[in-house]
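For reference, work02.csv (CSV, C-alpha atoms):
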```csv
chain,number,residue,atom,x,y,z
A,14,MET,CA,-10.8,-20.0,-14.6
A,15,ALA,CA,-11.3,-23.8,-14.5
A,16,ALA,CA,-7.6,-24.2,-13.6
A,17,ALA,CA,-7.9,-21.5,-11.0
A,18,ALA,CA,-10.9,-23.3,-9.4
A,19,ALA,CA,-9.0,-26.6,-9.3
A,20,THR,CA,-6.1,-24.9,-7.6
A,21,ALA,CA,-8.5,-23.3,-5.2
A,22,SER,CA,-9.8,-26.7,-4.2
A,23,SER,CA,-6.3,-28.0,-3.6
A,24,LEU,CA,-5.4,-25.0,-1.5
A,25,HIS,CA,-8.5,-25.4,0.6
A,26,GLY,CA,-7.3,-28.9,1.5
A,27,VAL,CA,-4.0,-27.5,2.8
A,28,GLY,CA,-5.9,-24.7,4.6
A,29,ALA,CA,-8.0,-27.3,6.5
A,30,ALA,CA,-4.9,-29.0,7.8
A,31,ALA,CA,-3.6,-25.6,9.0
A,32,ALA,CA,-6.8,-24.7,10.8
A,33,ALA,CA,-5.9,-26.8,13.8
A,34,LYS,CA,-3.1,-24.4,14.6
A,35,PRO,CA,-3.9,-22.2,17.7
A,36,ARG,CA,-5.0,-18.7,16.9
A,37,SER,CA,-3.8,-15.4,18.2
A,38,ALA,CA,-5.1,-14.3,21.6
A,39,ALA,CA,-6.0,-10.8,20.2
A,40,PRO,CA,-9.4,-9.6,21.1
A,41,ALA,CA,-12.2,-11.0,19.0
A,42,ALA,CA,-13.6,-7.5,18.4
A,43,ARG,CA,-10.5,-6.6,16.3
A,44,ARG,CA,-10.9,-9.6,14.1
A,45,SER,CA,-14.7,-9.9,13.7
A,46,VAL,CA,-14.2,-13.4,12.5
A,47,ARG,CA,-17.2,-15.0,10.9
A,48,VAL,CA,-17.0,-18.8,10.3
A,49,ALA,CA,-19.0,-20.7,7.6
A,50,ALA,CA,-21.9,-22.7,8.7
A,51,ALA,CA,-21.2,-25.9,10.5
A,52,GLY,CA,-22.7,-27.9,7.6
A,53,SER,CA,-20.0,-26.6,5.2
A,54,SER,CA,-17.5,-29.3,4.2
A,55,ARG,CA,-14.7,-26.8,4.1
A,56,GLY,CA,-15.6,-24.8,7.2
A,57,ARG,CA,-13.5,-21.9,5.9
A,58,LEU,CA,-13.4,-18.4,7.2
A,59,VAL,CA,-15.5,-16.3,4.8
A,60,ALA,CA,-15.1,-12.7,6.0
A,61,ARG,CA,-13.3,-10.5,8.5
A,62,ASN,CA,-13.3,-6.9,9.3
A,63,ALA,CA,-10.7,-4.9,7.4
A,64,VAL,CA,-10.6,-1.5,9.2
A,65,ALA,CA,-9.6,-0.3,12.6
A,66,ALA,CA,-10.9,2.6,14.5
A,67,LYS,CA,-8.7,5.6,14.9
A,68,ALA,CA,-8.5,5.1,18.6
A,69,ASP,CA,-7.2,1.5,18.1
A,70,GLU,CA,-4.5,2.6,15.7
A,71,ALA,CA,-3.4,5.5,18.0
A,72,ALA,CA,-3.2,3.1,20.9
A,73,ALA,CA,-1.1,0.6,18.9
A,74,ALA,CA,1.2,3.4,17.8
A,75,ALA,CA,1.6,4.5,21.4
A,76,GLY,CA,2.4,0.9,22.4
A,77,SER,CA,5.2,0.8,19.8
A,78,LYS,CA,7.0,3.6,21.6
A,79,SER,CA,6.9,1.9,25.0
A,80,GLY,CA,7.4,-1.7,24.1
A,81,GLY,CA,7.3,-3.8,20.9
A,82,HIS,CA,10.1,-5.0,18.8
A,83,GLU,CA,12.3,-3.5,16.0
A,84,VAL,CA,11.8,-4.8,12.5
A,85,LEU,CA,12.8,-3.8,9.0
A,86,MET,CA,9.9,-3.0,6.6
A,87,PHE,CA,10.2,-6.3,4.7
A,88,GLU,CA,10.1,-8.1,8.0
A,89,ALA,CA,7.0,-6.3,9.0
A,90,LEU,CA,5.3,-7.3,5.8
A,91,ARG,CA,6.4,-10.9,6.4
A,92,GLU,CA,5.0,-10.8,10.0
A,93,ALA,CA,1.7,-9.7,8.6
A,94,LEU,CA,1.6,-12.6,6.1
A,95,ILE,CA,2.5,-15.1,8.8
A,96,GLU,CA,-0.1,-13.8,11.3
A,97,GLU,CA,-2.9,-13.8,8.7
A,98,MET,CA,-1.9,-17.2,7.3
A,99,ASN,CA,-1.9,-18.7,10.8
A,100,LEU,CA,-5.3,-17.1,11.5
A,101,ASP,CA,-7.1,-17.9,8.3
A,102,PRO,CA,-6.4,-21.1,6.3
A,103,THR,CA,-7.8,-19.5,3.1
A,104,VAL,CA,-5.0,-17.0,2.9
A,105,CYS,CA,-2.3,-18.1,0.4
A,106,VAL,CA,0.6,-16.5,-1.5
A,107,MET,CA,1.6,-16.9,-5.1
A,108,GLY,CA,4.1,-15.4,-7.5
A,109,GLU,CA,7.6,-15.8,-8.9
A,110,ASP,CA,10.2,-17.1,-6.5
A,111,VAL,CA,7.9,-16.5,-3.5
A,112,GLY,CA,8.4,-20.1,-2.2
A,113,HIS,CA,11.8,-21.6,-1.2
A,114,TYR,CA,13.8,-18.6,-2.5
A,115,GLY,CA,11.7,-16.3,-0.2
A,116,GLY,CA,10.9,-13.6,-2.8
A,117,SER,CA,13.2,-11.0,-4.4
A,118,TYR,CA,13.1,-8.8,-1.2
A,119,LYS,CA,12.6,-11.7,1.2
A,120,VAL,CA,9.1,-10.8,2.2
A,121,THR,CA,8.1,-14.4,1.9
A,122,LYS,CA,11.3,-15.9,3.4
A,123,GLY,CA,10.5,-19.2,5.2
A,124,LEU,CA,6.8,-19.2,4.4
A,125,ALA,CA,7.0,-22.3,2.2
A,126,ASP,CA,8.6,-24.3,5.1
A,127,MET,CA,5.8,-23.1,7.4
A,128,PHE,CA,2.8,-23.5,5.2
A,129,GLY,CA,3.7,-25.8,2.4
A,130,ASP,CA,4.1,-25.5,-1.3
A,131,LEU,CA,0.4,-25.2,-2.1
A,132,ARG,CA,-0.2,-22.2,0.2
A,133,VAL,CA,3.0,-20.6,-0.9
A,134,LEU,CA,3.0,-21.3,-4.6
A,135,ASP,CA,5.9,-20.7,-6.9
A,136,THR,CA,4.7,-19.8,-10.3
A,137,PRO,CA,6.2,-19.6,-13.8
A,138,ILE,CA,7.2,-16.2,-15.2
A,139,ALA,CA,3.8,-15.5,-16.5
A,140,GLU,CA,2.1,-12.6,-14.7
A,141,ASN,CA,-1.1,-12.7,-16.7
A,142,SER,CA,-1.5,-16.4,-15.9
A,143,PHE,CA,-0.9,-16.4,-12.1
A,144,THR,CA,-2.7,-13.1,-11.6
A,145,GLY,CA,-5.7,-14.6,-13.4
A,146,MET,CA,-5.3,-17.8,-11.2
A,147,GLY,CA,-5.4,-15.6,-8.1
A,148,VAL,CA,-8.6,-13.9,-9.3
A,149,GLY,CA,-10.2,-17.3,-9.8
A,150,ALA,CA,-9.0,-18.5,-6.4
A,151,ALA,CA,-10.5,-15.4,-4.8
A,152,MET,CA,-13.8,-16.1,-6.6
A,153,LYS,CA,-13.8,-19.6,-5.1
A,154,GLY,CA,-13.4,-18.4,-1.5
A,155,LEU,CA,-9.6,-18.1,-1.0
A,156,ARG,CA,-7.7,-14.9,0.0
A,157,PRO,CA,-4.7,-14.9,-2.3
A,158,VAL,CA,-1.8,-12.5,-2.0
A,159,VAL,CA,-0.2,-12.2,-5.4
A,160,GLU,CA,3.3,-10.8,-5.6
A,161,GLY,CA,4.6,-9.1,-8.6
A,162,MET,CA,8.4,-9.5,-8.5
A,163,ASN,CA,8.5,-5.9,-9.8
A,164,MET,CA,5.5,-3.7,-10.2
A,165,GLY,CA,6.5,-3.0,-13.8
A,166,PHE,CA,5.9,-6.7,-14.6
A,167,LEU,CA,2.3,-6.4,-13.6
A,168,LEU,CA,1.6,-4.5,-16.7
A,169,LEU,CA,1.5,-7.9,-18.3
A,170,ALA,CA,-1.5,-8.7,-16.0
A,171,TYR,CA,-3.3,-5.4,-16.6
A,172,ASN,CA,-6.3,-7.2,-18.2
A,173,GLN,CA,-6.7,-9.5,-15.2
A,174,ILE,CA,-6.4,-6.6,-12.8
A,175,SER,CA,-8.7,-4.3,-14.6
A,176,ASN,CA,-11.4,-6.4,-16.3
A,177,ASN,CA,-11.4,-9.2,-13.7
A,178,CYS,CA,-10.2,-8.0,-10.3
A,179,GLY,CA,-12.0,-4.7,-10.4
A,180,MET,CA,-15.2,-5.6,-12.2
A,181,LEU,CA,-16.2,-9.2,-11.5
A,182,HIS,CA,-18.1,-8.3,-8.4
A,183,TYR,CA,-20.3,-5.9,-10.4
A,184,THR,CA,-20.5,-7.9,-13.6
A,185,SER,CA,-21.5,-11.1,-11.7
A,186,GLY,CA,-24.4,-9.2,-10.1
A,187,GLY,CA,-22.7,-9.5,-6.7
A,188,GLN,CA,-22.4,-13.3,-6.9
A,189,PHE,CA,-18.6,-13.2,-6.5
A,190,LYS,CA,-16.3,-11.2,-4.2
A,191,ILE,CA,-12.7,-10.8,-5.1
A,192,PRO,CA,-10.7,-10.6,-1.8
A,193,ILE,CA,-7.3,-10.5,-3.4
A,194,VAL,CA,-4.2,-8.5,-2.6
A,195,ILE,CA,-1.7,-7.6,-5.3
A,196,ARG,CA,1.6,-6.4,-4.0
A,197,GLY,CA,5.2,-5.8,-4.9
A,198,PRO,CA,8.1,-3.5,-5.1
A,199,GLY,CA,8.1,-0.4,-7.3
A,200,GLY,CA,9.4,3.1,-7.5
A,201,VAL,CA,12.8,4.6,-8.5
A,202,GLY,CA,15.5,2.6,-6.8
A,203,ARG,CA,19.2,2.9,-7.2
A,204,GLN,CA,20.0,2.5,-10.9
A,205,LEU,CA,17.5,-0.2,-11.7
A,206,GLY,CA,16.8,1.3,-15.2
A,207,ALA,CA,13.6,2.5,-16.8
A,208,GLU,CA,11.7,-0.8,-16.9
A,209,HIS,CA,12.4,-1.6,-13.2
A,210,SER,CA,11.7,1.9,-11.9
A,211,GLN,CA,8.0,2.0,-12.7
A,212,ARG,CA,5.4,3.8,-10.6
A,213,LEU,CA,2.1,2.2,-11.6
A,214,GLU,CA,-0.3,4.1,-9.3
A,215,SER,CA,-1.5,6.2,-12.2
A,216,TYR,CA,-2.1,3.1,-14.3
A,217,PHE,CA,-4.4,1.5,-11.8
A,218,GLN,CA,-6.2,4.5,-10.2
A,219,SER,CA,-8.9,4.7,-12.9
A,220,ILE,CA,-9.9,1.0,-12.5
A,221,PRO,CA,-13.4,0.8,-11.0
A,222,GLY,CA,-13.7,-1.5,-7.9
A,223,LEU,CA,-10.0,-1.4,-7.1
A,224,GLN,CA,-8.5,0.0,-3.8
A,225,MET,CA,-4.9,1.2,-3.7
A,226,VAL,CA,-2.7,1.9,-0.7
A,227,ALA,CA,1.0,2.7,-0.3
A,228,CYS,CA,3.0,1.8,2.8
A,229,SER,CA,5.9,4.0,4.0
A,230,THR,CA,6.9,2.7,7.4
A,231,PRO,CA,7.3,-0.8,9.0
A,232,TYR,CA,4.3,0.1,11.2
A,233,ASN,CA,1.9,1.0,8.4
A,234,ALA,CA,3.3,-1.7,6.1
A,235,LYS,CA,2.2,-4.4,8.5
A,236,GLY,CA,-1.1,-2.8,9.4
A,237,LEU,CA,-2.1,-2.1,5.8
A,238,MET,CA,-1.1,-5.6,4.7
A,239,LYS,CA,-3.3,-7.2,7.3
A,240,ALA,CA,-6.2,-4.9,6.5
A,241,ALA,CA,-5.8,-5.6,2.8
A,242,ILE,CA,-5.9,-9.4,3.3
A,243,ARG,CA,-9.0,-9.0,5.4
A,244,SER,CA,-10.8,-6.8,3.0
A,245,GLU,CA,-13.6,-8.1,0.7
A,246,ASN,CA,-12.3,-5.8,-2.1
A,247,PRO,CA,-9.3,-6.3,-4.4
A,248,VAL,CA,-6.5,-4.2,-3.0
A,249,VAL,CA,-3.2,-3.1,-4.6
A,250,LEU,CA,-0.4,-2.6,-2.1
A,251,PHE,CA,2.5,-0.5,-3.3
A,252,GLU,CA,5.8,-1.0,-1.7
A,253,HIS,CA,8.9,1.1,-2.5
A,254,VAL,CA,12.2,-0.7,-3.2
A,255,LEU,CA,14.2,1.8,-1.2
A,256,LEU,CA,12.1,1.4,2.0
A,257,TYR,CA,12.4,-2.4,2.6
A,258,ASN,CA,15.4,-1.9,5.0
A,259,LEU,CA,13.8,0.9,6.9
A,260,LYS,CA,13.8,0.0,10.6
A,261,GLU,CA,11.1,0.9,13.2
A,262,LYS,CA,9.7,-0.4,16.5
A,263,ILE,CA,6.2,-1.9,16.1
A,264,PRO,CA,3.8,-3.3,18.7
A,265,ASP,CA,4.0,-6.9,19.8
A,266,GLU,CA,0.2,-7.1,20.0
A,267,GLU,CA,-2.0,-7.4,16.9
A,268,TYR,CA,-3.0,-4.2,15.1
A,269,ILE,CA,-4.3,-3.2,11.7
A,270,CYS,CA,-4.5,0.2,9.9
A,271,CYS,CA,-7.5,1.6,8.1
A,272,LEU,CA,-7.3,1.2,4.3
A,273,GLU,CA,-9.1,4.5,3.7
A,274,GLU,CA,-7.3,6.7,6.2
A,275,ALA,CA,-4.4,9.2,5.8
A,276,GLU,CA,-1.7,9.6,8.5
A,277,MET,CA,-0.9,12.9,10.2
A,278,VAL,CA,2.9,12.9,10.2
A,279,ARG,CA,3.5,16.4,11.4
A,280,PRO,CA,0.9,18.9,12.5
A,281,GLY,CA,1.5,22.5,11.3
A,282,GLU,CA,-0.2,25.8,10.5
A,283,HIS,CA,1.2,27.4,7.4
A,284,VAL,CA,0.9,24.9,4.5
A,285,THR,CA,-0.5,21.3,4.0
A,286,ILE,CA,2.0,19.0,2.3
A,287,LEU,CA,0.4,15.8,1.0
A,288,THR,CA,2.7,13.0,0.1
A,289,TYR,CA,3.1,9.2,0.2
A,290,SER,CA,5.6,6.3,0.1
A,291,ARG,CA,9.3,7.3,-0.3
A,292,MET,CA,8.5,11.0,-0.8
A,293,ARG,CA,7.4,11.1,2.9
A,294,TYR,CA,11.1,11.1,3.8
A,295,HIS,CA,12.1,13.8,1.3
A,296,VAL,CA,9.3,15.9,2.7
A,297,MET,CA,10.4,15.4,6.3
A,298,GLN,CA,14.0,16.4,5.3
A,299,ALA,CA,12.6,19.5,3.7
A,300,ALA,CA,10.4,20.2,6.8
A,301,LYS,CA,13.5,20.5,9.0
A,302,THR,CA,14.9,23.2,6.8
A,303,LEU,CA,11.5,24.9,6.6
A,304,VAL,CA,11.2,25.0,10.4
A,305,ASN,CA,14.6,26.7,10.6
A,306,LYS,CA,13.4,29.3,8.2
A,307,GLY,CA,10.3,30.0,10.2
A,308,TYR,CA,7.7,28.0,8.4
A,309,ASP,CA,5.3,25.5,10.1
A,310,PRO,CA,4.3,22.8,7.5
A,311,GLU,CA,1.7,20.2,8.2
A,312,VAL,CA,2.7,16.9,6.6
A,313,ILE,CA,0.1,14.2,5.7
A,314,ASP,CA,1.0,10.8,4.4
A,315,ILE,CA,-2.2,10.1,2.3
A,316,ARG,CA,-1.5,6.3,2.4
A,317,SER,CA,-4.9,5.6,0.7
A,318,LEU,CA,-4.3,6.4,-3.0
A,319,LYS,CA,-7.9,5.3,-3.8
A,320,PRO,CA,-10.1,6.5,-2.3
A,321,PHE,CA,-8.5,9.6,-0.9
A,322,ASP,CA,-9.2,10.4,2.8
A,323,LEU,CA,-10.8,13.8,2.0
A,324,HIS,CA,-11.9,14.2,5.7
A,325,THR,CA,-8.3,14.4,7.0
A,326,ILE,CA,-7.1,16.3,3.9
A,327,GLY,CA,-10.0,18.8,4.1
A,328,ASN,CA,-9.6,19.5,7.8
A,329,SER,CA,-6.0,20.3,7.2
A,330,ILE,CA,-6.7,22.6,4.2
A,331,LYS,CA,-9.4,24.5,6.3
A,332,LYS,CA,-6.6,25.2,8.8
A,333,THR,CA,-3.6,26.1,6.5
A,334,HIS,CA,-5.4,27.3,3.3
A,335,ARG,CA,-2.4,26.3,1.2
A,336,VAL,CA,-1.5,22.9,-0.4
A,337,LEU,CA,1.6,21.3,-1.8
A,338,ILE,CA,1.5,17.8,-3.2
A,339,VAL,CA,4.7,15.8,-3.4
A,340,GLU,CA,4.8,12.5,-5.3
A,341,GLU,CA,7.2,10.2,-7.1
A,342,CYS,CA,4.5,9.3,-9.6
A,343,MET,CA,4.6,10.9,-13.1
A,344,ARG,CA,3.2,14.4,-13.4
A,345,THR,CA,0.8,13.7,-16.3
A,346,GLY,CA,-2.2,11.8,-15.1
A,347,GLY,CA,-0.6,10.9,-11.8
A,348,ILE,CA,-2.0,10.6,-8.3
A,349,GLY,CA,-1.1,14.3,-7.7
A,350,ALA,CA,-3.3,15.4,-10.6
A,351,SER,CA,-6.3,13.4,-9.3
A,352,LEU,CA,-5.7,14.7,-5.8
A,353,ARG,CA,-5.5,18.3,-7.0
A,354,SER,CA,-8.8,17.8,-8.9
A,355,ALA,CA,-10.5,16.4,-5.8
A,356,ILE,CA,-9.3,19.3,-3.6
A,357,ILE,CA,-10.5,21.9,-6.1
A,358,ASP,CA,-13.9,20.2,-6.3
A,359,ASN,CA,-14.3,20.0,-2.5
A,360,PHE,CA,-12.3,22.7,-0.9
A,361,TRP,CA,-11.9,25.5,-3.4
A,362,ASP,CA,-13.3,28.2,-1.1
A,363,TYR,CA,-10.7,27.4,1.6
A,364,LEU,CA,-7.7,28.0,-0.6
A,365,ASP,CA,-5.7,31.2,-0.4
A,366,ALA,CA,-3.1,30.2,-3.0
A,367,PRO,CA,-2.9,27.9,-6.1
A,368,ILE,CA,-2.3,24.2,-5.4
A,369,MET,CA,1.3,23.3,-6.3
A,370,CYS,CA,2.3,19.7,-7.3
A,371,LEU,CA,5.8,18.4,-7.4
A,372,SER,CA,6.1,15.1,-9.4
A,373,SER,CA,8.6,13.0,-11.3
A,374,GLN,CA,9.4,14.2,-14.8
A,375,ASP,CA,7.6,12.5,-17.7
A,376,VAL,CA,10.6,10.7,-18.9
A,377,PRO,CA,11.9,7.1,-18.7
A,378,THR,CA,14.0,6.8,-15.5
A,379,PRO,CA,17.7,7.0,-16.6
A,380,TYR,CA,20.2,4.5,-15.4
A,381,ALA,CA,22.9,7.1,-14.6
A,382,ALA,CA,22.6,8.0,-10.9
A,383,THR,CA,22.9,11.7,-11.4
A,384,LEU,CA,20.2,11.7,-14.1
A,385,GLU,CA,18.0,9.4,-12.0
A,386,ASP,CA,18.1,11.8,-9.1
A,387,ALA,CA,17.2,14.7,-11.5
A,388,THR,CA,14.0,13.0,-12.5
A,389,VAL,CA,12.7,12.7,-8.9
A,390,VAL,CA,11.6,15.5,-6.5
A,391,GLN,CA,14.4,16.5,-4.1
A,392,PRO,CA,14.1,18.2,-0.7
A,393,ALA,CA,15.5,21.5,-2.0
A,394,GLN,CA,12.6,21.7,-4.5
A,395,ILE,CA,10.1,21.2,-1.7
A,396,VAL,CA,11.6,24.0,0.3
A,397,ALA,CA,11.5,26.3,-2.7
A,398,ALA,CA,7.8,25.4,-3.4
A,399,VAL,CA,6.7,26.1,0.2
A,400,GLU,CA,8.5,29.5,0.1
A,401,GLN,CA,6.7,30.3,-3.1
A,402,ILE,CA,3.2,29.3,-1.8
A,403,CYS,CA,3.6,31.2,1.5
A,404,GLN,CA,4.7,34.5,-0.1
```
This structure in structure tokens:
Amino acid sequence: MAAAAATASSLHGVGAAAAAKPRSAAPAARRSVRVAAAGSSRGRLVARNAVAAKADEAAAAAGSKSGGHEVLMFEALREALIEEMNLDPTVCVMGEDVGHYGGSYKVTKGLADMFGDLRVLDTPIAENSFTGMGVGAAMKGLRPVVEGMNMGFLLLAYNQISNNCGMLHYTSGGQFKIPIVIRGPGGVGRQLGAEHSQRLESYFQSIPGLQMVACSTPYNAKGLMKAAIRSENPVVLFEHVLLYNLKEKIPDEEYICCLEEAEMVRPGEHVTILTYSRMRYHVMQAAKTLVNKGYDPEVIDIRSLKPFDLHTIGNSIKKTHRVLIVEECMRTGGIGASLRSAIIDNFWDYLDAPIMCLSSQDVPTPYAATLEDATVVQPAQIVAAVEQICQ
């Protein structure tokens, strides 16, 4: 912790130099920036609002259709980092190869040249050490974004994420806040092997004090990243390795997405399909087939893996009375299992059929492509499940 505090002090010095940079002209109401008292020697930004109203997000989404610019998802994440680092000198990035190499998936490309080696800190291959350093920096007033080169590697930092990230606000009696973002690529890629195809949502969901979100489009990737950085809580942002090159038009103006809000992808009447991350696209492929067969599925990207947006989910269930959960997480103890339990606890009386959950098989992900595909939910399985539910 002492080393982390020393690093924090160094980073504050770099942040002060960056503070002279002009800020975005976005409305102050969206940022709700609060500056430390004038007597503070550091004069750092100490807190900002992390959620956007539904109307704001809808307006931004509408703007993306009429104007805006096209980006790949990794570029959208990079834009979010640049905007937040320009806006707030306490935001910094740390991780393996995040500096001059630009990160394994180029999310931090060019940031070291823009902000310097202290705000974009290349670390040794020691996840437990640099994650712990990030926690210490957050305790001292910074807003670190810690990148795991692969989400599977963050198991080495599980102690820091669980015992430190999630609990220090409580165990310190509220003396410390931990505004840290932990992000990185995960999920089943293309023949990356078992150790590089981890889905860690189920590992982290039981940690008290931790928020979890999963991005699935360039639009929500940028909006969720910005909201996570502004949050006073520790946030884990899950990115899927196969979605980094997804292209979409996003607004030119500043926007953020709510960390606790699901996204209605497709309204429907017959069945509620709850999904997130890469499985959103498998579900939408299946939806085309289902529509041709006369079904009208409602598709919701839950986005917030912890806590669940039970308001949006519940309103959909009250309309369709049938639920299918589609996830890439493991079946045993996965996000789907927790979501099913929450639905049974809160909306049992509205269900006309048993909840179905399609998940990855409880096996290490094989290297062989055909076997790899067999472990993950495919669109044909989604179609068959909906047909069974709606009988």
Cut-off 8 Å: closest stretch 274-295 of chain A/stretch 326-348 of chain A atom pairs per residue, using only C-alpha atoms, as a Markdown table:
```
| residue | atom | partner | partner_atom | distance |
| --- | --- | --- | --- | --- |
| A:Ala275 | CA | A:Ile326 | CA | 7.8 |
| A:Gly281 | CA | A:Thr333 | CA | 7.9 |
| A:Glu282 | CA | A:Thr333 | CA | 5.3 |
| A:His283 | CA | A:Thr333 | CA | 5.1 |
| A:Val284 | CA | A:Arg335 | CA | 4.9 |
| A:Thr285 | CA | A:Val336 | CA | 4.8 |
| A:Ile286 | CA | A:Leu337 | CA | 4.7 |
| A:Leu287 | CA | A:Ile338 | CA | 4.8 |
| A:Thr288 | CA | A:Val339 | CA | 4.9 |
| A:Tyr289 | CA | A:Glu340 | CA | 6.6 |
| A:Arg291 | CA | A:Glu341 | CA | 7.7 |
| A:Met292 | CA | A:Glu340 | CA | 6.0 |
```
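From atom CA of A:Gly165 back to atom CA of A:Lys239, the distance works out to 23.6 Å.
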Polymer residues at most 9 Å from (8.8, -9.8, -10.6) by only C-alpha atoms, as an NGL selection string: :A and (108-110 or 116-117 or 138 or 140 or 160-167 or 197-198)
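When atom CA of A:Ser244 is paired with atom CA of A:Ile220, their separation reads 17.4 Å.
The residue set within 12 Å of A:His182, counting all atoms listed in the file and dropping same-chain residues fewer than 2 places from it, reads Val148, Ala151, Met152, Ser175, Asn176, Asn177, Cys178, Gly179, Met180, Thr184, Ser185, Gly186, Gly187, Gln188, Phe189, Lys190, Ile191, Pro192, Pro221, Gly222, Leu223, Glu245, Asn246 and Pro247 of chain A.
We find atom CA of A:Arg91 and atom CA of A:Val120 to be spaced 5.0 Å apart.
Here the question is which of A:Ser354, A:Thr302, A:Ser317, A:Thr230 gets nearest to A:Leu272 using all atoms listed in the file, and that residue is A:Ser317.
Nearest to A:Asp365 of all the residues A:Cys403, A:Ala381, A:Val104, A:Ala150 is A:Cys403, counting only C-alpha atoms.
Nearest to A:Met98 of all the residues A:Thr325, A:Ser215, A:Thr121, A:Thr383 is A:Thr121, based on all atoms listed in the file.
Among the candidate residues A:Arg279, A:Glu261, A:Leu318, A:Ile174, the one lying nearest to A:Gln224 is A:Leu318, with distances computed using all atoms listed in the file.
Proximity to A:Gly206 was assessed for A:Ala387, A:Ala382, A:Cys271, A:Ala398 counting only C-alpha atoms; the smallest distance is recorded for A:Ala382.
Nearest-residue note for A:Ala393: choosing from A:Ala170, A:Leu303, A:Lys319, A:Asp314, the minimum distance belongs to A:Leu303, counting only C-alpha atoms.
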Neighbour list for A:Leu256 as a PyMOL selection string, cut-off 12 Å, all atoms listed in the file, skip fewer than 4 positions in-chain: chain A and resi 85-90+118+198-203+227-231+234+251-252+260-261+290-294
